[in-house]
Amino acid sequence: MLHGGLKFVCCDLIHALNEPSLYARSEECATVAGIRGAEVLPSIAKKLALFFVACDSSVHLQSFETKRKFHQALFGGILQENWSTPPLVYLLQAFSAPIDASPTRVQPIWNQAIVVQLKDLLTSALRTQHVFLRGAVECILLKATSYYLDTKAVSIQQLFLLLSCFKSTESLHRGTHLWKHLVGNLRHWVDESYGGQQQVEKLCRSSISSLLNTFRDEDPKTSYDRSDVHRLSKMLLLVADAFEELDLGLLLQPVREMLSTACVRAYLPAKSIDLALELLSCLYSEAQSPCKTGQEASDEITKAFVPGDVVLLSIASIFQHTYSNIVAMISGRVTSEEFLVTDVPILGVYASCLHVICNLLPAGTLQPHVELLVNSCIRCSTVQCTSDEVSCVLQLSCTAMLASACGVIRNDPELLKPVARTLEKFVWQHLYDAELYKPSDSKRLGEWGKLVSQYIESKWTCISFVVKQSPVASAAHFSPLPTCIMDRCVDHLAAASGMALIPILNTMQSLLPSIMATPEKLFEVLACVWHSLLERWHDHTCFWSVLRACVPVIFHRCLLTEDIVDTDAKTVLEKTLRTYADNFLESGNTRTGVLNVIVQHCFNIWKENPRLVLKQKKLLIDACLFGPFSHKHMTVVSAAARYIQGLGSACSVNELMESDHDADSRVRAMAFTTVSLVPDDCAGEIFYALIQRDREMSALQERLYSNSVAHRVKHRIWQAILLLEPVLPFSTSFSETSTLDTVFSALISENQPSVRYLIEWVATRLLYSNAEHRDILWKAIAEYSDLRPGSVCSLLAIATHLCKLLSVAELKQFVERAATEILPWTMTQHFAVRVYAQVALQSVWLVAKEQQLVEFLSRHTVFEKCFDVINTAAGNRTKVVAKLFNSFWVSAFHPLKDFNLEVICQVLPRLSLVTQDEWIHPDTFLAVDRRYWLSKDGAAKLPLLSSNSATKCAEPGDWMPEKKAADEEQKLSTNPLGDVQKKIIPWKTLFPDSEDVSMKNRQKRNGGLILIASLIDRPTNLGGLCRTCEIFGASEYVLGNLKYMNDPQFKNLSVTAEKWISLREVRPPNLREYFLALRQQGYTLIGAEQTAHSHSLADYTFPDKAAVVLGNEKEGIPVELIQLLDVCVEIPQQGMIRSLNVHVSGAVLVWEYTRQRLRKTLIAA
């Protein structure tokens, strides 16, 4: 193992495992695995886990040092690869399998070298990975660290350095499951290897002192790494949670003393105070309970924390006792000429501290301090400073602090109204026209563009705040006109970059209603906003923030809810908004999450007034049908994300962020929720718009393949229609036909099972609620059977389900009519329809017995005897009948009890084998609108969860037996006045299938036609030719290999013809000898080939003993065999394409031979 085996595992095997396609799971496997399929690993990942468990217990790796070398070599191999995320997730999860298998047997073997490898993996190899899966990798490694770390071989400083590499936003955050587990281990490690609590406390004190004294010598070249602050804060929190008796307040006493005396200690370095503030702010932020990044949250730091949380209370206490000094220090610092351009990054820390103080203290307490800050910044901004560079930096810092003050005032605008009025006056009289001009000597200003961008962001944050607080139309006399402000917004929007766009867009959102009366200006603004979004499309640092700010402007509430008076402008606006929506839809197909933003925005408006959906009908329907069809590598990513999600809190990334693997299903969840809110008077228009989409999809593609694009789109259409069904009217002004007729007509199209189930469900519920129109069902059976036999099966299923819903009084009349209508179909020639009808009739009979309809039962006692014969007879049909009775659609499904979101959007797709990407879990609907779906006042038109355990626990499968190719082509005729089919054979027992008859028919007929197909290698062509030979009475059919007869494709086309015709096997290399033997028997060898001397089939007369040779599909007949033929015949052609399919060519030749023989016989007679 330590020689060739170790190299193979850690190099060759690791390299081979970095292939995402290895981890792809079949859809059927994932579907059957469970409702979410999250707990199921790909097959190779399971085997990897077993491999690592076996390695851990192997006799070759029992020694401590040997196992350490194996782990070190393994991580070395991992670091050599450029990893795709899913393989790395599965590999590391398999690597940690020994921990799950037997945690007590795990040996701590990771030394300093392995810790260095882990840091490299965390800081470099994972830098550009998928965020959610990257967090999962960190969690897996963190869990492994807690078991494998050898604390005797790793110093405590190196331990905390390693732990600081785990990101707080992705894996190691206070309050998570892994944090608590690590805290327990840390206490054990400290007591066992690091000298106990006192030593750790000493380390913490020295670390704090070292940080605060970084700038004590006032050396201008001194600098610090901001990651040191985060590392120290994480260490302090871990130690404080590990040792509850340790007083964090005492540890932070130096920080408290420094901040308490910051304003009176003149020689205290300002940067030391900055470090103290940054440490305190970082501690407070990371001490909060975990909050998922995908959830809605205030832009302020949360006020809430766990009651009794001593750690958080200790940190908050320092803020509460030093807030006056902090605000005064910030006021003096940002208005001092000593504030340099290198200090600009600390402005973010100041803003964060102000927000914390605002959340911890009441507004009344803060008022004088906020007023001091605002007045100081305003005064400094209006005073000329000593140099251009100093003036520039002060202008930037003061504006940034005023922007922070806006956030403080926003929390309690009434109490802080005087401060707000002062700020408003300054904004309109000074800041509105102010610009940040580049100094003449700007060598020390570094990246000037970043400074300008930060200034613009702060400036427009202030303007946006003032506009929102005091609408411009009613503001004081010193405010400019709304159109002037909007023009300024347009100008700055084109020049600004990055996050500076956000406050400008927020200002435009506030002002947009004021320019509704001027359509030209409105369209100019919308075009400018859209162009700005396009310019940031590939800027990953700000795109999502800009998108969330652009959408409320482009799709402003007033544009969606109010009408423009000018009719022409209204038409242009509707067209413009439709264009933008289509662009977002197209973008959503290539970039996950884009459409979520616009649909979420519109959804919030639709919830308030569902009738507005008619104005955005196309957007709603597009959202219902939305869902890109992922490539294989993306499905592997989604499967890995689902697996990680299934681990729950055991993988802390689930507690810290939302995975975007179900972002597309969230769009449909919002759309479906909106559909369920649609009022009665709007339902008809939405219904016929969905039906039109269904018809368009059917017209584009006649045949639907399972989980194809067309199948999945139609599935979504009928899910939406089913949700709309409770408010559907029987007839509307949008169509001459009734709603029921429209639904029935959809059965004519080729539909996959999942779509067929949904159509049947909609029809059943409509018939149940419209008792007076139930005769439409029987008319539909008579009408649609001529158009598509398969539709009869669905109509019979509808009748069966309807029986379960009717009262006894309604049932008496219904079962009589049902029995009369269903009975003829139990003897039809179409196998699927015949079996369906037999099952349907039995189901009606069982309902009648259950409801004790004595009169019906006594009148039709013969039915029960027939059912006994059907259910006990031997043969395939009996098995199919039993399968249908046991299928979920017959045995478990109930049209009323199962009418809930869980069944419609998750259970039914699973049972009908729809790809897992189509499932929408109930949790997704709760994330969309928890209050609506859990409301107890009956606001929701259907329940969220299912109470029918029979359906939820049912096994997947289709009610319909597998279709044969021949059945696809059959059409039934039930018109008694027209021509009828002569080949109807209602009972299988009449079909001659005994071995004697089979062998008799297989004997070669003397003379006649021999068809030689040895050169053909496609089973479909061979099967079709076999059928042709049997029908036209060829004496022998020659194949290159008789094994082709066992191929399913051959059987589908031959439909048992191989049982009734003489077959011979002649392999291609033996054809030469076979041709010579045929010539000796008097046969003429005729090749179906275009040659220089070939004869036209129209002019050729076949001899009685003819052997027709067919060529290969691509190469035709080889030259060496053509030389052995007596003649070549070609089929006359009129088109541009110069060849026919070999099956077609063979059929034409066989028919021409048969036609000539028949003509000879007639002439002779």
# chains A, B, ... in the order shown; residues from 1 in each chain; ligands from 1
>>> residues_around(residues="Ser84 of chain A", least_positions_apart="6", cutoff="12 Å", atoms="only C-alpha atoms", output="list of chain:residue names")
A:His15, A:Leu17, A:Asn18, A:Glu19, A:Pro20, A:Ser21, A:Leu22, A:Tyr23, A:Ile78, A:Tyr90, A:Leu91, A:Ala125, A:Leu126, A:Arg127, A:Thr128, A:Gln129, A:His130, A:Leu133, A:Arg134, A:Val137, A:His633, A:Met634, A:Val636, A:Val637, A:Ala640
>>> residues_around(residues="Gln80 of chain A", least_positions_apart="6", cutoff="12 Å", atoms="only C-alpha atoms", output="list in words")
Cys10, Cys11, Asp12, Ile14, His15, Asn18, Ala73, Leu74, Gln117, Asp120, Leu121, Ser124 and Ala125 of chain A
>>> residues_around(residues="Gly348 of chain A", least_positions_apart="5", cutoff="12 Å", atoms="only C-alpha atoms", output="PyMOL selection string")
chain A and resi 274+277-278+281-282+330+343+353-355+397+400-401+403-404+454+458
>>> write_last_selection(atoms="N, CA and C atoms", output="mmCIF file, in the first residue's frame")
data_model
loop_
_atom_site.group_PDB
_atom_site.id
_atom_site.type_symbol
_atom_site.label_atom_id
_atom_site.label_comp_id
_atom_site.auth_asym_id
_atom_site.auth_seq_id
_atom_site.Cartn_x
_atom_site.Cartn_y
_atom_site.Cartn_z
ATOM 1 N N ASP A 274 -8.945 53.017 15.994
ATOM 2 C CA ASP A 274 -9.615 52.381 14.859
ATOM 3 C C ASP A 274 -9.579 50.860 14.982
ATOM 4 N N LEU A 277 -12.070 49.743 17.603
ATOM 5 C CA LEU A 277 -13.437 49.794 17.055
ATOM 6 C C LEU A 277 -13.687 48.644 16.085
ATOM 7 N N GLU A 278 -12.704 48.367 15.236
ATOM 8 C CA GLU A 278 -12.866 47.295 14.254
ATOM 9 C C GLU A 278 -13.010 45.940 14.936
ATOM 10 N N SER A 281 -16.509 45.860 16.567
ATOM 11 C CA SER A 281 -17.541 45.710 15.545
ATOM 12 C C SER A 281 -17.556 44.291 14.984
ATOM 13 N N CYS A 282 -16.376 43.740 14.740
ATOM 14 C CA CYS A 282 -16.272 42.377 14.204
ATOM 15 C C CYS A 282 -16.799 41.360 15.211
ATOM 16 N N ILE A 330 -15.457 59.657 16.330
ATOM 17 C CA ILE A 330 -15.704 59.565 14.884
ATOM 18 C C ILE A 330 -15.902 60.953 14.294
ATOM 19 N N ASP A 343 -6.654 56.234 5.345
ATOM 20 C CA ASP A 343 -7.631 55.942 6.398
ATOM 21 C C ASP A 343 -9.043 55.733 5.855
ATOM 22 N N CYS A 353 -20.175 50.663 13.321
ATOM 23 C CA CYS A 353 -20.308 50.975 14.746
ATOM 24 C C CYS A 353 -21.514 51.878 15.008
ATOM 25 N N LEU A 354 -21.746 52.825 14.132
ATOM 26 C CA LEU A 354 -22.915 53.691 14.296
ATOM 27 C C LEU A 354 -24.209 52.888 14.216
ATOM 28 N N HIS A 355 -24.279 51.931 13.304
ATOM 29 C CA HIS A 355 -25.467 51.103 13.183
ATOM 30 C C HIS A 355 -25.679 50.248 14.429
ATOM 31 N N SER A 397 -14.842 61.782 3.472
ATOM 32 C CA SER A 397 -15.131 61.193 4.785
ATOM 33 C C SER A 397 -16.395 61.781 5.404
ATOM 34 N N ALA A 400 -19.439 60.415 3.665
ATOM 35 C CA ALA A 400 -19.661 59.022 4.063
ATOM 36 C C ALA A 400 -20.339 58.947 5.421
ATOM 37 N N MET A 401 -19.925 59.796 6.365
ATOM 38 C CA MET A 401 -20.540 59.777 7.695
ATOM 39 C C MET A 401 -21.968 60.331 7.664
ATOM 40 N N ALA A 403 -23.950 59.871 5.174
ATOM 41 C CA ALA A 403 -24.723 58.739 4.652
ATOM 42 C C ALA A 403 -25.028 57.739 5.766
ATOM 43 N N SER A 404 -24.048 57.510 6.659
ATOM 44 C CA SER A 404 -24.291 56.622 7.796
ATOM 45 C C SER A 404 -25.326 57.213 8.732
ATOM 46 N N GLN A 454 -16.877 55.906 -4.320
ATOM 47 C CA GLN A 454 -17.335 55.905 -2.933
ATOM 48 C C GLN A 454 -18.029 57.214 -2.576
ATOM 49 N N SER A 458 -21.976 57.709 -1.416
ATOM 50 C CA SER A 458 -22.364 58.392 -0.174
ATOM 51 C C SER A 458 -23.266 59.587 -0.468
#
>>> residues_around(residues="segment 875-883 of chain A", least_positions_apart="2", cutoff="8 Å", atoms="only C-alpha atoms", output="list in words")
Val835, Tyr836, Gln838, Val839, Ile870, Asn871, Thr872, Ala873, Phe885, Asn886, Ser887, Trp959 and Pro961 of chain A
>>> residues_around(residues="Ile1012 of chain A", least_positions_apart="4", cutoff="7 Å", atoms="only C-alpha atoms", output="PyMOL selection string")
chain A and resi 1037-1039+1107-1110
>>> residues_around(residues="Cys1026 of chain A", least_positions_apart="5", cutoff="9 Å", atoms="only C-alpha atoms", output="list in words")
Asn1021, Ile1031, Tyr1037, Phe1050, Leu1053, Ser1054, Ala1057, Glu1058 and Ile1061 of chain A
>>> residues_around(residues="Asn751 of chain A", least_positions_apart="5", cutoff="9 Å", atoms="only C-alpha atoms", output="list in words")
Ser698, Arg703, Leu704, Tyr705, His711, Lys714, Ala746 and Arg756 of chain A
>>> write_last_selection(atoms="all heavy atoms", output="mmCIF file, in the first residue's frame")
data_model
loop_
_atom_site.group_PDB
_atom_site.id
_atom_site.type_symbol
_atom_site.label_atom_id
_atom_site.label_comp_id
_atom_site.auth_asym_id
_atom_site.auth_seq_id
_atom_site.Cartn_x
_atom_site.Cartn_y
_atom_site.Cartn_z
ATOM 1 N N SER A 698 -47.953 21.444 -28.608
ATOM 2 C CA SER A 698 -48.358 20.215 -29.303
ATOM 3 C C SER A 698 -48.128 20.327 -30.798
ATOM 4 O O SER A 698 -47.760 19.346 -31.454
ATOM 5 C CB SER A 698 -49.832 19.914 -29.025
ATOM 6 O OG SER A 698 -50.065 19.706 -27.644
ATOM 7 N N ARG A 703 -44.744 14.059 -31.221
ATOM 8 C CA ARG A 703 -44.471 13.011 -30.246
ATOM 9 C C ARG A 703 -43.658 13.587 -29.090
ATOM 10 O O ARG A 703 -42.633 14.220 -29.302
ATOM 11 C CB ARG A 703 -43.707 11.846 -30.881
ATOM 12 C CG ARG A 703 -43.435 10.705 -29.905
ATOM 13 C CD ARG A 703 -42.809 9.531 -30.621
ATOM 14 N NE ARG A 703 -42.440 8.481 -29.700
ATOM 15 C CZ ARG A 703 -43.270 7.569 -29.212
ATOM 16 N NH1 ARG A 703 -44.538 7.605 -29.583
ATOM 17 N NH2 ARG A 703 -42.851 6.636 -28.378
ATOM 18 N N LEU A 704 -44.119 13.340 -27.871
ATOM 19 C CA LEU A 704 -43.415 13.810 -26.691
ATOM 20 C C LEU A 704 -42.583 12.680 -26.097
ATOM 21 O O LEU A 704 -43.112 11.593 -25.844
ATOM 22 C CB LEU A 704 -44.411 14.292 -25.626
ATOM 23 C CG LEU A 704 -45.241 15.533 -25.944
ATOM 24 C CD1 LEU A 704 -46.088 15.892 -24.757
ATOM 25 C CD2 LEU A 704 -44.351 16.694 -26.308
ATOM 26 N N TYR A 705 -41.313 12.950 -25.906
ATOM 27 C CA TYR A 705 -40.468 11.965 -25.244
ATOM 28 C C TYR A 705 -40.375 12.321 -23.765
ATOM 29 O O TYR A 705 -40.445 13.489 -23.379
ATOM 30 C CB TYR A 705 -39.084 11.941 -25.890
ATOM 31 C CG TYR A 705 -39.118 11.439 -27.307
ATOM 32 C CD1 TYR A 705 -39.197 12.321 -28.383
ATOM 33 C CD2 TYR A 705 -39.109 10.076 -27.583
ATOM 34 C CE1 TYR A 705 -39.248 11.872 -29.687
ATOM 35 C CE2 TYR A 705 -39.159 9.610 -28.893
ATOM 36 C CZ TYR A 705 -39.237 10.506 -29.933
ATOM 37 O OH TYR A 705 -39.292 10.054 -31.232
ATOM 38 N N HIS A 711 -42.338 17.986 -23.160
ATOM 39 C CA HIS A 711 -43.040 17.281 -22.074
ATOM 40 C C HIS A 711 -43.046 18.124 -20.808
ATOM 41 O O HIS A 711 -44.091 18.305 -20.160
ATOM 42 C CB HIS A 711 -42.355 15.934 -21.814
ATOM 43 C CG HIS A 711 -42.826 15.248 -20.569
ATOM 44 N ND1 HIS A 711 -42.022 14.406 -19.844
ATOM 45 C CD2 HIS A 711 -44.011 15.294 -19.910
ATOM 46 C CE1 HIS A 711 -42.689 13.956 -18.799
ATOM 47 N NE2 HIS A 711 -43.894 14.487 -18.812
ATOM 48 N N LYS A 714 -45.363 21.222 -21.105
ATOM 49 C CA LYS A 714 -46.781 20.839 -21.013
ATOM 50 C C LYS A 714 -47.137 20.422 -19.587
ATOM 51 O O LYS A 714 -48.258 20.701 -19.106
ATOM 52 C CB LYS A 714 -47.087 19.702 -21.996
ATOM 53 C CG LYS A 714 -47.164 20.150 -23.452
ATOM 54 C CD LYS A 714 -47.305 18.979 -24.398
ATOM 55 C CE LYS A 714 -48.678 18.349 -24.334
ATOM 56 N NZ LYS A 714 -49.730 19.187 -24.919
ATOM 57 N N ALA A 746 -57.647 18.400 -25.258
ATOM 58 C CA ALA A 746 -56.206 18.264 -25.029
ATOM 59 C C ALA A 746 -55.780 16.807 -25.007
ATOM 60 O O ALA A 746 -54.596 16.497 -25.178
ATOM 61 C CB ALA A 746 -55.815 18.944 -23.711
ATOM 62 N N ARG A 756 -50.933 13.532 -18.908
ATOM 63 C CA ARG A 756 -52.236 12.870 -19.008
ATOM 64 C C ARG A 756 -52.942 12.814 -17.647
ATOM 65 O O ARG A 756 -54.141 13.057 -17.543
ATOM 66 C CB ARG A 756 -52.037 11.464 -19.564
ATOM 67 C CG ARG A 756 -53.328 10.786 -20.020
ATOM 68 C CD ARG A 756 -53.045 9.461 -20.703
ATOM 69 N NE ARG A 756 -52.510 8.469 -19.790
ATOM 70 C CZ ARG A 756 -51.290 7.947 -19.860
ATOM 71 N NH1 ARG A 756 -50.466 8.361 -20.801
ATOM 72 N NH2 ARG A 756 -50.880 7.039 -19.000
#
